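Let me begin by presenting the structure, written as structure tokens, before commenting on it.
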Amino acid sequence: SVQKETLGFQTEVKQLLHLMIHSLYSNKEIFLRELISNASDAADKLRFEGLAHPELFEDDPELRIRITFDKDARTITLCDNGIGMSRDEVIANIGTIAKSGTKAFFEQLSGDAKKDANLIGQFGVGFYSAFIVADTVTLTTRRAGQPASQGVRWTSKGEGEYTLETVERAQRGTEIVLHLKEGEDELLNDWTLKRIVRTYSDHISIPIEMKKGNSYGEDGEVIVSDEFEAVNEASALWTRSKNEITEEQYKEFYKHVAHDFSDPLAWSHARVEGRQEYTELLYIPSRAPFDLWDRERKQGVKLYVRRVFIMEDSHKLMPQYLRFVRGVIDSNDLPLNVSREILQASKDIDAIRSGCVKKVLGLLEDLAENDKTKYADFWQEFGQVLKEGVGEDFANKERIAKLLRFVSTVSESDVPEISLSDYIGRMKDGQDKIYYITADTLSAARNSPHLEVFKKKGVEVLLLTDRVDEWVVGSLTEFDGKKLQSVAKGALDLGALEDEADKAAQKQVEEAAKPVVELVQKALGERVEAVRATARLTDSPACLVVGEHDMSAHLERLLKQAGQ
Ligand code: ADP
Ligand code: MG
């Protein structure tokens, strides 16, 4: 072998490896799912590159994954004939973590094994999960199109370092040999491995082959032949009809496409016909990924054209306010050579996207209606993101507005559970507006003097404390024919909520306070626009009000914090 070198793992990799081994042991079987998932991605990539460069298939066009084991050597081997990796790619992909959200992930680690196990799951387990069961992992690979002399061998014990060497490799793709740790021998069993494959990876669209069993040994063990057979169904899951797919298969497929560890919250699967023909299988995750707020994020929805993977896109296939959606869209009509540039300006993509957005909104409406607990979980994780849609998606503004949930002055907890329709259903006789207040925190909102008159009259006020709320009320000026009105803006017009007695009281206060108002006005001078006496404050002596068309005090603070 040539050019053998030993390289150190990035510090983060070491930390991740350590955590993985110690906190995911009770889920150790998932290593196989992760490695199969990577092999399947590698097949997708080869198929895509092969569209423009058919020579990459060499003389081996049938893409597949093979799993074998050797009881005496105590190894399990996975072999794929996908895209493979060059030496540089091995270093970039297997020696470092270059994912978006990495920083946020490491900041949240607590040292509590159980909590951290959840975090790792959320972050993505991936290749390193091999070290849950293996004490040595050897990966040998050759990138499609490279000569046999450009094979690469990567070996590591999963501690601080790995070795790399250039080797001769006739076969394209990647082979991974796991040398099992002491005590993991139960995995060296035909029946066990086939069970794990069927449980976690049945949805994989290329064959996962293992040697055919042809007889039983004396101890009841399966004796295998040299012939391979597919263990999985080997058809793209989304092309199967709904009643042939089990809940478990939907869930496992989600984990594969989303690189997630936990079950999805809900999904929508449909074949759409019409101007554009496509199949969508879209999922709402149960937890937000680490890079939800990261502009560099790459993950999104995967686009296939007639079963061929084309690209994963985080910007074009779904609007920003649905950036948490994962899954696949498989088009029957788009050209196979669709590129990012074409995607950018394609009317066909616009049609597919708008259809898919409607599916996702429909899925959310269904949850909101029929599974309040799940919808509350969704809102907790993604509510702030969905809110952006009110300003972003004009066509679906009403539907999105219906999905919003708030805390209000009638809430008994701090959990946002109140919809705008709930609010309207509780409006007082004569009330024609939806009142809200924006503030940094719920307690600041609840203690605002602006609420005093509303408390007195028993009128509900929405308490808006998310950063995105200013954007929401800026875009959503009315809902169901009712104007949204800030309680802290202008000379608040309570309309029919105000009775004769209120008007008389106001008049009286204005008369009585005239000398004080003049004094205060003089003292504050240019710093205020006006000083007014009001009968509306019941507990506080004074409060600040901004003009009807001025920026709210809260927004002004937010902009200042943002350095604007
Ligand atoms: P993820 O799959 O979420 O990207 P992994 O840790 O599972 O993360 O894999 C890291 C990267 O290593 C992959 O993105 C891919 O580039 C590369 N890789 C892993 N396994 C293979 C394989 N069998 N063939 C080609 N590339 C692979
Ligand atoms: Mg992976």
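Please note that chains go A, B, ... in the order of the structure tokens, that every chain numbers its residues from 1, and that ligands are numbered from 1 in the order shown.
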Taking only C-alpha atoms and all ligand atoms into account, report as a PyMOL selection string which residues have an atom no farther than 7 Å from an atom of ligand 2. chain A and resi 34-35+37-38+126-127+259
Can you write just those residues out, C-alpha atoms, as a PDB file, in the first residue's frame?
ATOM      1  CA  GLU A  34     -27.486   4.109   9.145  1.00  0.00           C
ATOM      2  CA  LEU A  35     -24.968   2.262   6.994  1.00  0.00           C
ATOM      3  CA  SER A  37     -29.121   4.480   4.434  1.00  0.00           C
ATOM      4  CA  ASN A  38     -25.717   5.825   3.359  1.00  0.00           C
ATOM      5  CA  GLY A 126     -24.866   8.492  10.771  1.00  0.00           C
ATOM      6  CA  PHE A 127     -21.725   6.610   9.953  1.00  0.00           C
ATOM      7  CA  HIS A 259     -31.581  11.593   8.678  1.00  0.00           C
TER       8      HIS A 259
END
- Message: Would you pick out the contacts of Glu165 of chain A at 9 Å or less, using only C-alpha atoms, so that residues sharing its chain but fewer than 5 positions from it are not included, and give the list as a PyMOL selection string?
- Response: chain A and resi 1-6+87+151-155
*asked:* To one decimal place in Å, what is the distance between atom CA of Asp263 of chain A and atom CA of Ser419 of chain A?
replied: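 Separating atom CA of Asp263 of chain A from atom CA of Ser419 of chain A is a distance of 26.9 Å.
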Exercise for the section: List all protein, DNA and RNA residues that have an atom no more than 10 Å from any atom of ligand 1, counting only C-alpha atoms and all ligand atoms, and report them as a PyMOL selection string. Expected result: chain A and resi 31+33-43+45-46+65+78-86+89-99+123-130+139-143+172-176+256-260+299
With 12 Å as the cut-off and only C-alpha atoms counted, what is the closest atom pair between each nearby residue of segment 350-437 of chain A and segment 271-283 of chain A? Distances in Å to one decimal, ordered by chain and number, as a Markdown table.
| residue | atom | partner | partner_atom | distance |
| --- | --- | --- | --- | --- |
| A:Asp350 | CA | A:Gln276 | CA | 10.2 |
| A:Ala351 | CA | A:Gln276 | CA | 7.2 |
| A:Ile352 | CA | A:Gln276 | CA | 6.8 |
| A:Arg353 | CA | A:Glu280 | CA | 10.2 |
| A:Ser354 | CA | A:Gln276 | CA | 11.1 |
| A:Gly355 | CA | A:Val272 | CA | 8.5 |
| A:Cys356 | CA | A:Glu280 | CA | 7.3 |
| A:Val357 | CA | A:Leu282 | CA | 9.9 |
| A:Lys358 | CA | A:Leu282 | CA | 11.5 |
| A:Lys359 | CA | A:Leu282 | CA | 8.5 |
| A:Val360 | CA | A:Leu282 | CA | 7.5 |
| A:Leu361 | CA | A:Leu282 | CA | 11.3 |
| A:Gly362 | CA | A:Leu282 | CA | 11.8 |
| A:Leu363 | CA | A:Tyr283 | CA | 9.4 |
| A:Leu364 | CA | A:Tyr283 | CA | 10.8 |
| A:Phe378 | CA | A:Tyr283 | CA | 11.9 |
Expected file: the selected residues, C-alpha atoms, as a tab-separated table (two decimals), in the first residue's frame:
chain	number	residue	atom	x	y	z
A	350	ASP	CA	-44.15	26.37	-8.91
A	351	ALA	CA	-47.22	24.25	-9.60
A	352	ILE	CA	-45.80	21.24	-7.76
A	353	ARG	CA	-44.71	23.38	-4.87
A	354	SER	CA	-48.03	25.09	-4.49
A	355	GLY	CA	-49.78	21.71	-4.57
A	356	CYS	CA	-47.45	20.36	-1.92
A	357	VAL	CA	-47.88	23.43	0.29
A	358	LYS	CA	-51.63	22.83	0.20
A	359	LYS	CA	-51.07	19.21	1.21
A	360	VAL	CA	-48.93	20.25	4.17
A	361	LEU	CA	-51.41	22.91	5.28
A	362	GLY	CA	-54.18	20.34	4.95
A	363	LEU	CA	-52.20	17.92	7.10
A	364	LEU	CA	-51.73	20.61	9.75
A	378	PHE	CA	-46.16	20.75	16.47
For the structure I just gave you, how does DSSP split segment 303-521 of chain A - specifically, which residues are helix (DSSP H, G or I)? Reply as an MDAnalysis selection string. chainID A and resid 320:322 340:344 347:370 372:392 394:403 420:425 442:446 449:457 469:475 495:497 500:521
Checklist entry - Counting only C-alpha atoms, which of A:Arg307, A:Lys115, A:Lys255, A:Lys456 gets nearest to Ile284 of chain A? => result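 Checking each of A:Arg307, A:Lys115, A:Lys255, A:Lys456 against Ile284 of chain A, counting only C-alpha atoms, the winner is A:Lys255.
Ranking A:Arg47, A:Arg446, A:Lys157, A:Arg323 by their shortest atom-to-atom distance to Lys298 of chain A, with only C-alpha atoms included, puts A:Arg323 first.
Distances here use only C-alpha atoms; by that measure, the residue among A:Ala234, A:Glu392, A:Asp333, A:Glu161 closest to Ile349 of chain A is A:Asp333.
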From atom CA of Thr102 of chain A to atom CA of Glu296 of chain A the spacing works out at 11.5 Å
Within 10 Å of segment 50-55 of chain A, counting only C-alpha atoms, which residues show up once you throw out same-chain ones fewer than 3 positions away? Write them as a compact mmCIF listing (two decimals) with C-alpha atoms, in the first residue's frame, please.
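Saved file selection.txt follows:
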# COMPACT_ATOMS: atom_id res chain seq x y z
CA ASP A 44 -28.95 7.69 -5.65
CA LYS A 45 -25.94 9.90 -6.27
CA LEU A 46 -24.47 7.50 -8.81
CA ARG A 47 -27.77 7.27 -10.67
CA GLU A 58 -18.71 0.83 -15.65
CA ASP A 59 -19.84 -2.75 -16.33
CA PRO A 61 -25.27 -1.18 -13.73
CA ILE A 83 -20.84 6.46 -6.10
CA ALA A 144 -17.03 5.81 -9.72
CA GLY A 145 -14.99 6.86 -12.74
CA VAL A 308 -34.26 9.01 -10.07
CA ILE A 310 -32.17 14.66 -8.61
CA LEU A 336 -34.24 14.38 -15.95
CA ASN A 337 -31.66 17.07 -16.48
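Across the model, the gap from atom CA of Ser443 of chain A to atom CA of Thr409 of chain A is 10.9 Å.
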Val528 of chain A environment, 12 Å, only C-alpha atoms, sequence neighbours closer than 6 positions dropped, as number ranges by chain: A: 520-522, 544-547
Written file, previous selection with C-alpha atoms, as a CSV table (one decimal), in the first residue's frame:
chain,number,residue,atom,x,y,z
A,520,VAL,CA,-46.8,67.5,32.2
A,521,GLN,CA,-46.9,68.7,28.6
A,522,LYS,CA,-44.7,71.6,29.5
A,544,LEU,CA,-47.0,55.4,27.1
A,545,VAL,CA,-48.9,55.2,23.8
A,546,VAL,CA,-47.5,55.3,20.3
A,547,GLY,CA,-49.3,56.8,17.3
- Query: Out of segment 303-455 of chain A, which residues get strand (DSSP E) from DSSP, as a PyMOL selection string?
  - Reply: chain A and resi 303-305+308-313+326-331+407-408+433-438
